$ cat final_11.cif   # mmCIF, C-alpha atoms
data_final
loop_
_atom_site.label_atom_id
_atom_site.label_comp_id
_atom_site.auth_asym_id
_atom_site.auth_seq_id
_atom_site.Cartn_x
_atom_site.Cartn_y
_atom_site.Cartn_z
CA MET H 1 108.88 106.88 89.51
CA SER H 2 106.34 104.24 90.56
CA TYR H 3 107.20 101.48 92.99
CA LEU H 4 106.96 98.98 90.11
CA GLU H 5 109.50 100.97 88.10
CA ARG H 6 111.79 101.10 91.12
CA VAL H 7 111.66 97.32 91.52
CA ARG H 8 112.55 96.78 87.88
CA THR H 9 115.30 99.41 87.96
CA GLN H 10 116.88 98.33 91.26
CA ASN H 11 116.45 94.55 90.86
CA PRO H 12 116.34 93.92 94.63
CA LEU H 13 117.70 90.68 96.06
CA VAL H 14 114.90 88.86 97.90
CA HIS H 15 115.92 86.09 100.31
CA ASN H 16 113.18 83.48 100.55
CA ILE H 17 112.91 80.77 103.17
CA THR H 18 109.76 79.30 101.75
CA ASN H 19 108.03 75.96 101.58
CA LEU H 20 109.22 73.21 99.28
CA VAL H 21 105.89 73.09 97.44
CA VAL H 22 106.33 76.56 95.93
CA ALA H 23 110.04 77.38 95.72
CA PRO H 24 110.45 77.18 91.89
CA PHE H 25 107.20 79.09 91.25
CA THR H 26 108.25 81.78 93.72
CA ALA H 27 111.72 82.14 92.18
CA ASN H 28 110.29 82.34 88.66
CA GLY H 29 107.69 84.87 89.72
CA LEU H 30 110.30 87.16 91.26
CA LEU H 31 112.46 86.90 88.15
CA ALA H 32 109.48 87.76 85.96
CA LEU H 33 108.72 90.80 88.10
CA GLY H 34 112.29 92.03 87.84
CA ALA H 35 113.59 91.10 91.28
CA SER H 36 116.40 88.67 92.09
CA PRO H 37 115.47 85.58 94.16
CA PHE H 38 117.81 83.84 96.60
CA MET H 39 116.59 80.58 98.12
CA ALA H 40 118.90 79.83 101.06
CA TYR H 41 118.05 77.51 103.96
CA ALA H 42 121.32 76.28 105.49
CA HIS H 43 121.95 77.52 109.01
CA GLU H 44 125.55 78.19 108.05
CA GLU H 45 124.62 80.91 105.51
CA VAL H 46 121.12 82.27 106.11
CA ALA H 47 122.34 85.12 108.33
CA ASP H 48 124.88 86.19 105.71
CA VAL H 49 122.32 86.03 102.90
CA ALA H 50 119.77 87.99 104.93
CA LYS H 51 122.36 90.66 105.68
CA MET H 52 123.05 91.35 102.01
CA SER H 53 119.43 91.14 100.82
CA GLY H 54 116.93 93.87 100.06
CA ALA H 55 114.20 91.92 101.87
CA VAL H 56 113.75 88.61 103.67
CA VAL H 57 110.55 86.59 103.18
CA LEU H 58 109.83 83.92 105.80
CA ASN H 59 107.19 81.30 105.00
CA ILE H 60 106.14 78.52 107.41
CA GLY H 61 104.42 76.36 104.80
CA THR H 62 106.50 73.20 105.37
CA LEU H 63 107.81 73.27 108.91
CA ASP H 64 110.34 71.26 110.82
CA ASP H 65 112.85 72.19 113.52
CA LYS H 66 115.62 72.93 111.00
CA VAL H 67 113.39 75.28 109.01
CA VAL H 68 112.24 77.06 112.15
CA GLN H 69 115.84 77.66 113.21
CA ALA H 70 116.77 78.88 109.71
CA ILE H 71 113.85 81.32 109.85
CA ARG H 72 114.91 82.58 113.26
CA LEU H 73 118.54 83.08 112.20
CA ALA H 74 117.59 84.87 108.98
CA GLY H 75 115.04 87.05 110.74
CA GLN H 76 117.46 88.02 113.50
CA SER H 77 120.12 88.95 110.96
CA ALA H 78 117.63 90.97 108.91
CA ASN H 79 116.55 92.86 112.03
CA ALA H 80 120.15 93.55 113.01
CA HIS H 81 120.94 94.96 109.56
CA HIS H 82 117.67 96.88 109.01
CA VAL H 83 116.47 94.60 106.22
CA PRO H 84 112.66 94.37 105.78
CA VAL H 85 111.09 91.11 106.98
CA VAL H 86 107.89 89.70 105.47
CA LEU H 87 106.24 86.82 107.34
CA ASP H 88 103.72 84.48 105.69
CA PRO H 89 102.08 82.45 108.51
CA VAL H 90 100.83 79.62 106.28
CA GLY H 91 98.27 77.51 108.11
CA ALA H 92 98.54 79.31 111.47
CA GLY H 93 95.68 77.94 113.52
CA ALA H 94 95.55 74.62 111.67
CA THR H 95 97.84 72.83 114.16
CA ALA H 96 99.26 73.71 117.54
CA TYR H 97 102.82 73.45 116.15
CA ARG H 98 102.17 76.02 113.45
CA THR H 99 100.37 78.38 115.77
CA GLU H 100 103.01 78.17 118.50
CA THR H 101 105.81 78.60 115.95
CA VAL H 102 104.38 81.71 114.36
CA GLN H 103 103.54 83.27 117.71
CA MET H 104 107.14 82.65 118.81
CA LEU H 105 108.38 84.33 115.63
CA VAL H 106 106.29 87.45 116.11
CA ARG H 107 107.58 87.70 119.69
CA GLU H 108 111.23 87.32 118.68
CA LEU H 109 111.36 89.16 115.36
CA ARG H 110 110.53 92.68 114.27
CA LEU H 111 108.26 92.31 111.25
CA THR H 112 107.87 94.74 108.39
CA VAL H 113 104.85 93.01 106.82
CA LEU H 114 102.59 90.15 107.90
CA ARG H 115 100.60 88.65 105.01
CA GLY H 116 98.00 85.93 105.28
CA ASN H 117 94.34 85.08 105.00
CA VAL H 118 92.01 86.25 107.74
CA ALA H 119 92.17 82.98 109.70
CA GLU H 120 95.97 82.96 109.72
CA VAL H 121 96.27 86.59 110.82
CA ALA H 122 93.61 86.14 113.49
CA ASN H 123 95.42 83.12 114.92
CA VAL H 124 98.75 84.97 114.92
CA ILE H 125 97.31 87.51 117.37
CA GLY H 126 95.35 84.97 119.40
CA GLU H 127 91.89 85.64 117.99
CA SER H 128 89.67 82.81 116.81
CA TRP H 129 88.73 82.19 113.21
CA SER H 130 88.19 78.77 111.69
CA ILE H 131 90.74 77.36 109.28
CA LYS H 132 90.70 74.34 106.96
CA GLY H 133 94.20 73.16 106.13
CA VAL H 134 95.97 76.29 104.93
CA ASP H 135 92.75 77.98 103.74
CA ALA H 136 90.53 80.32 105.72
CA GLY H 137 87.39 78.52 106.81
CA SER H 138 83.95 80.02 106.96
CA GLY H 139 83.49 82.52 109.72
CA GLU H 140 81.86 85.72 110.70
CA GLY H 141 83.90 88.64 111.86
CA ASP H 142 85.38 92.01 111.11
CA ARG H 143 88.24 91.34 108.70
CA ILE H 144 89.26 94.99 108.68
CA GLY H 145 89.21 95.12 112.47
CA ILE H 146 91.41 92.04 112.72
CA ALA H 147 93.91 93.52 110.25
CA GLU H 148 94.07 96.84 112.09
CA ARG H 149 94.40 95.21 115.52
CA ALA H 150 97.17 92.96 114.22
CA ALA H 151 99.03 95.94 112.76
CA GLN H 152 98.75 97.84 116.01
CA GLN H 153 99.81 94.88 118.17
CA LEU H 154 102.73 93.85 115.96
CA GLY H 155 103.85 97.31 114.86
CA CYS H 156 103.96 96.38 111.18
CA VAL H 157 101.96 96.54 107.97
CA VAL H 158 99.36 93.77 107.84
CA VAL H 159 97.87 92.37 104.65
CA ILE H 160 94.79 90.15 104.74
CA THR H 161 94.11 88.69 101.33
CA GLY H 162 90.76 87.54 100.03
CA LYS H 163 88.16 88.62 97.51
CA GLU H 164 89.06 92.12 98.65
CA ASP H 165 92.53 92.65 100.07
CA ILE H 166 93.13 94.74 103.20
CA ILE H 167 96.39 96.62 103.71
CA THR H 168 96.92 98.57 106.93
CA ASP H 169 99.55 99.92 109.27
CA GLY H 170 96.96 100.32 111.99
CA GLN H 171 96.40 104.00 111.21
CA SER H 172 95.81 104.12 107.45
CA THR H 173 93.84 101.33 105.77
CA PHE H 174 93.44 100.53 102.07
CA LEU H 175 91.38 98.00 100.16
CA THR H 176 92.37 96.58 96.77
CA SER H 177 89.84 94.74 94.63
CA ASN H 178 91.96 93.33 91.83
CA GLY H 179 92.58 89.62 91.37
CA HIS H 180 90.84 86.54 90.02
CA ALA H 181 89.28 83.38 91.45
CA LEU H 182 91.79 81.22 89.54
CA LEU H 183 94.45 82.33 92.04
CA THR H 184 92.79 79.97 94.54
CA GLN H 185 93.37 77.04 92.17
CA VAL H 186 97.13 77.51 91.91
CA THR H 187 99.25 76.18 94.76
CA GLY H 188 101.61 78.87 95.97
CA ALA H 189 99.83 81.90 94.52
CA GLY H 190 99.65 83.44 97.98
CA CYS H 191 103.22 82.47 98.79
CA LEU H 192 104.43 84.15 95.60
CA LEU H 193 102.44 87.25 96.53
CA SER H 194 104.30 87.43 99.84
CA SER H 195 107.60 87.39 97.96
CA VAL H 196 106.36 90.04 95.53
CA ILE H 197 105.50 92.16 98.57
CA GLY H 198 109.06 91.54 99.75
CA ALA H 199 110.43 92.93 96.49
CA PHE H 200 108.32 96.06 96.83
CA THR H 201 109.31 96.62 100.48
CA ALA H 202 112.95 96.32 99.45
CA ILE H 203 112.69 99.51 97.38
CA ALA H 204 110.66 101.56 99.90
CA GLU H 205 112.80 104.54 100.83
CA SER H 206 111.33 105.25 104.27
CA GLU H 207 108.76 104.08 106.81
CA ALA H 208 106.33 106.57 105.27
CA ASP H 209 107.00 105.01 101.85
CA LEU H 210 106.39 101.46 103.04
CA LEU H 211 102.58 101.34 103.13
CA GLY H 212 102.29 102.78 99.63
CA SER H 213 104.73 100.21 98.27
CA VAL H 214 102.72 97.33 99.76
CA VAL H 215 99.44 98.72 98.45
CA GLU H 216 100.92 98.94 94.96
CA ALA H 217 102.29 95.38 95.25
CA LEU H 218 98.79 94.05 95.95
CA ALA H 219 97.23 96.00 93.10
CA PHE H 220 100.01 94.96 90.71
CA TYR H 221 99.65 91.27 91.53
CA GLY H 222 95.87 91.46 91.20
CA VAL H 223 96.05 93.20 87.82
CA ALA H 224 98.54 90.59 86.58
CA ALA H 225 96.12 87.85 87.67
CA GLU H 226 93.19 89.49 85.89
CA LEU H 227 95.13 89.81 82.65
CA ALA H 228 96.41 86.23 82.94
CA ALA H 229 92.84 84.97 83.34
CA GLU H 230 91.73 87.03 80.35
CA HIS H 231 94.52 85.64 78.16
CA THR H 232 93.80 82.01 79.15
CA ALA H 233 90.00 82.05 79.23
CA HIS H 234 88.56 78.48 79.25
CA GLN H 235 92.03 76.89 79.42
CA GLY H 236 92.17 76.11 83.15
CA PRO H 237 94.52 76.76 86.07
CA GLY H 238 97.64 75.26 84.45
CA SER H 239 97.65 77.74 81.60
CA PHE H 240 96.69 80.50 84.03
CA GLN H 241 99.71 79.77 86.23
CA ILE H 242 102.14 80.11 83.33
CA GLU H 243 100.42 83.22 82.01
CA LEU H 244 100.56 84.78 85.48
CA LEU H 245 104.35 84.64 85.23
CA ASN H 246 104.14 86.28 81.81
CA GLN H 247 101.94 89.07 83.10
CA LEU H 248 104.19 89.73 86.10
CA ALA H 249 106.79 90.64 83.48
CA GLN H 250 104.45 92.49 81.12
CA VAL H 251 102.27 94.71 83.31
CA THR H 252 103.51 98.27 82.86
CA PRO H 253 103.16 101.16 85.29
CA ASP H 254 100.61 102.78 82.95
CA LEU H 255 98.59 99.57 82.71
CA LEU H 256 98.70 99.28 86.49
CA VAL H 257 97.37 102.82 86.97
CA GLU H 258 94.65 102.17 84.41
CA ASN H 259 93.42 98.95 86.04
CA ALA H 260 94.21 99.23 89.75
CA GLN H 261 91.19 99.24 92.05
CA ILE H 262 92.40 100.88 95.26
CA ARG H 263 90.42 102.76 97.85
CA GLN H 264 91.42 104.20 101.18
CA ILE H 265 88.94 103.78 104.01
CA ARG H 266 90.89 105.17 106.96
CA GLY H 267 93.75 107.53 107.70
CA GLY H 268 95.57 110.33 105.94
CA ALA H 269 97.22 110.49 102.56
CA VAL H 270 100.02 108.03 101.82
#

$ encode --input "final_11.cif" --output "structure tokens"
Amino acid sequence: MSYLERVRTQNPLVHNITNLVVAPFTANGLLALGASPFMAYAHEEVADVAKMSGAVVLNIGTLDDKVVQAIRLAGQSANAHHVPVVLDPVGAGATAYRTETVQMLVRELRLTVLRGNVAEVANVIGESWSIKGVDAGSGEGDRIGIAERAAQQLGCVVVITGKEDIITDGQSTFLTSNGHALLTQVTGAGCLLSSVIGAFTAIAESEADLLGSVVEALAFYGVAAELAAEHTAHQGPGSFQIELLNQLAQVTPDLLVENAQIRQIRGGAV
């Protein structure tokens, strides 16, 4: 059974502490995929929700002290109960507050997956890469090297998204080439991807299973985006956003195998 089939069969509960800009889109995307979203932020309940979830997705898109504390409490509970934790370091490097917050989180929490653009991931591990707002700025550097160093330093799977996505645990490294440029014109497309990754990590049956589940999550999301763009050609990003939700529900395991563009560039078989 593919990872996608497992998600749809098991309907994992995904606890999201995400930014207010994208919460409805994220919840709808998870429902379309076949997962079950839970959007809980109150300090009084986040630990309990994290404990009973299949995965916890932590997103620093709209930060304040209350959100930071909710993230810490949920992450600590997830760690204590062996629940996968996905961290999306939105805008790390853009301001000192964001950078300091995310670096505190990676010190305090045990991550399962870190997903961001190259600038965000570089700034999480103290390397320099320019950033403009929450988008990676222009820069020259070894994206694969940054991903692998981050994975080795943090002891987790690292995903750097871009025209070509990098997925690595520091030993084995994969590239996925699916996706569409319209994703960059929809606010929250990356945030939803992080939550989709959370759903796929929730059904991974072992540490050895984890990397494969994340690779398939990236390919699945990229294929859904390609099909959404094809179905809404010349209609613009609004129609694309809605059709992306449709395709998250409609992409089948066979369609995924047929269209996925995955190649391994380092490591043994996964």

$ closest_atom_pairs --input "final_11.cif" --of "segment 149-242 of chain H" --to "segment 20-25 of chain H" --cutoff "12 Å" --atoms "all atoms listed in the file" --output "CSV"
residue,atom,partner,partner_atom,distance
H:Val186,CA,H:Val22,CA,10.1
H:Thr187,CA,H:Val22,CA,7.2
H:Gly188,CA,H:Val22,CA,5.3
H:Ala189,CA,H:Val22,CA,8.5
H:Gly190,CA,H:Val22,CA,9.8
H:Cys191,CA,H:Val22,CA,7.3
H:Leu192,CA,H:Phe25,CA,7.2
H:Leu193,CA,H:Phe25,CA,10.8
H:Ser194,CA,H:Val22,CA,11.7
H:Ser195,CA,H:Ala23,CA,10.5
H:Val196,CA,H:Phe25,CA,11.8
H:Gln241,CA,H:Phe25,CA,9.0
H:Ile242,CA,H:Phe25,CA,9.5

$ resolve_selection --input "final_11.cif" --expression "the PyMOL selection byres ((chain H and resi 12) around 8)" --output "ChimeraX atom specification"
/H:7,10-11,13-14,35-36,53-55,199,202-203

$ atom_distance --input "final_11.cif" --atom1 "atom CA of Ala224 of chain H" --atom2 "atom CA of Asn246 of chain H"
8.5 Å

$ atom_distance --input "final_11.cif" --atom1 "atom CA of Tyr41 of chain H" --atom2 "atom CA of Val67 of chain H"
7.2 Å

$ atom_distance --input "final_11.cif" --atom1 "atom CA of Thr101 of chain H" --atom2 "atom CA of Val124 of chain H"
9.6 Å

$ closest_residue --input "final_11.cif" --among "H:Arg263, H:Glu127, H:Leu227, H:Asp142" --to "Ala249 of chain H" --atoms "all atoms listed in the file"
H:Leu227

$ closest_residue --input "final_11.cif" --among "H:Thr176, H:Asn117, H:Thr112, H:Gln171" --to "His82 of chain H" --atoms "only C-alpha atoms"
H:Thr112

$ resolve_selection --input "final_11.cif" --expression "the PyMOL selection byres ((chain H and resi 211) around 10)" --output "PDB file with C-alpha atoms, in the frame of the given file"
ATOM      1  CA  THR H 112     107.870  94.740 108.390  1.00  0.00           C
ATOM      2  CA  VAL H 113     104.850  93.010 106.820  1.00  0.00           C
ATOM      3  CA  CYS H 156     103.960  96.380 111.180  1.00  0.00           C
ATOM      4  CA  VAL H 157     101.960  96.540 107.970  1.00  0.00           C
ATOM      5  CA  VAL H 158      99.360  93.770 107.840  1.00  0.00           C
ATOM      6  CA  ILE H 167      96.390  96.620 103.710  1.00  0.00           C
ATOM      7  CA  THR H 168      96.920  98.570 106.930  1.00  0.00           C
ATOM      8  CA  ASP H 169      99.550  99.920 109.270  1.00  0.00           C
ATOM      9  CA  SER H 172      95.810 104.120 107.450  1.00  0.00           C
ATOM     10  CA  THR H 173      93.840 101.330 105.770  1.00  0.00           C
ATOM     11  CA  PHE H 174      93.440 100.530 102.070  1.00  0.00           C
ATOM     12  CA  THR H 201     109.310  96.620 100.480  1.00  0.00           C
ATOM     13  CA  ALA H 204     110.660 101.560  99.900  1.00  0.00           C
ATOM     14  CA  SER H 206     111.330 105.250 104.270  1.00  0.00           C
ATOM     15  CA  GLU H 207     108.760 104.080 106.810  1.00  0.00           C
ATOM     16  CA  ALA H 208     106.330 106.570 105.270  1.00  0.00           C
ATOM     17  CA  ASP H 209     107.000 105.010 101.850  1.00  0.00           C
ATOM     18  CA  LEU H 210     106.390 101.460 103.040  1.00  0.00           C
ATOM     19  CA  GLY H 212     102.290 102.780  99.630  1.00  0.00           C
ATOM     20  CA  SER H 213     104.730 100.210  98.270  1.00  0.00           C
ATOM     21  CA  VAL H 214     102.720  97.330  99.760  1.00  0.00           C
ATOM     22  CA  VAL H 215      99.440  98.720  98.450  1.00  0.00           C
ATOM     23  CA  GLU H 216     100.920  98.940  94.960  1.00  0.00           C
ATOM     24  CA  ALA H 217     102.290  95.380  95.250  1.00  0.00           C
ATOM     25  CA  VAL H 270     100.020 108.030 101.820  1.00  0.00           C
TER      26      VAL H 270
END

$ resolve_selection --input "final_11.cif" --expression "the PyMOL selection byres ((chain H and resi 177-182) around 12)" --output "number ranges by chain"
H: 161-167, 174-176, 183-190, 193, 215-230, 232-241, 243-244, 256-264

$ closest_residue --input "final_11.cif" --among "H:Arg8, H:Val121, H:Val68, H:Pro253" --to "Ala32 of chain H" --atoms "only C-alpha atoms"
H:Arg8

$ residues_around --input "final_11.cif" --residues "Lys51 of chain H" --least-positions-apart "4" --cutoff "7 Å" --atoms "only C-alpha atoms" --output "ChimeraX atom specification"
/H:47,77-78,81

$ closest_residue --input "final_11.cif" --among "H:Thr9, H:Ser2, H:Thr26, H:Thr18" --to "Leu245 of chain H" --atoms "only C-alpha atoms"
H:Thr26

$ residues_around --input "final_11.cif" --residues "Glu120 of chain H" --least-positions-apart "4" --cutoff "7 Å" --atoms "only C-alpha atoms" --output "list in words"
Pro89, Val90, Gly91, Ala92, Gly93, Gly116 and Val124 of chain H
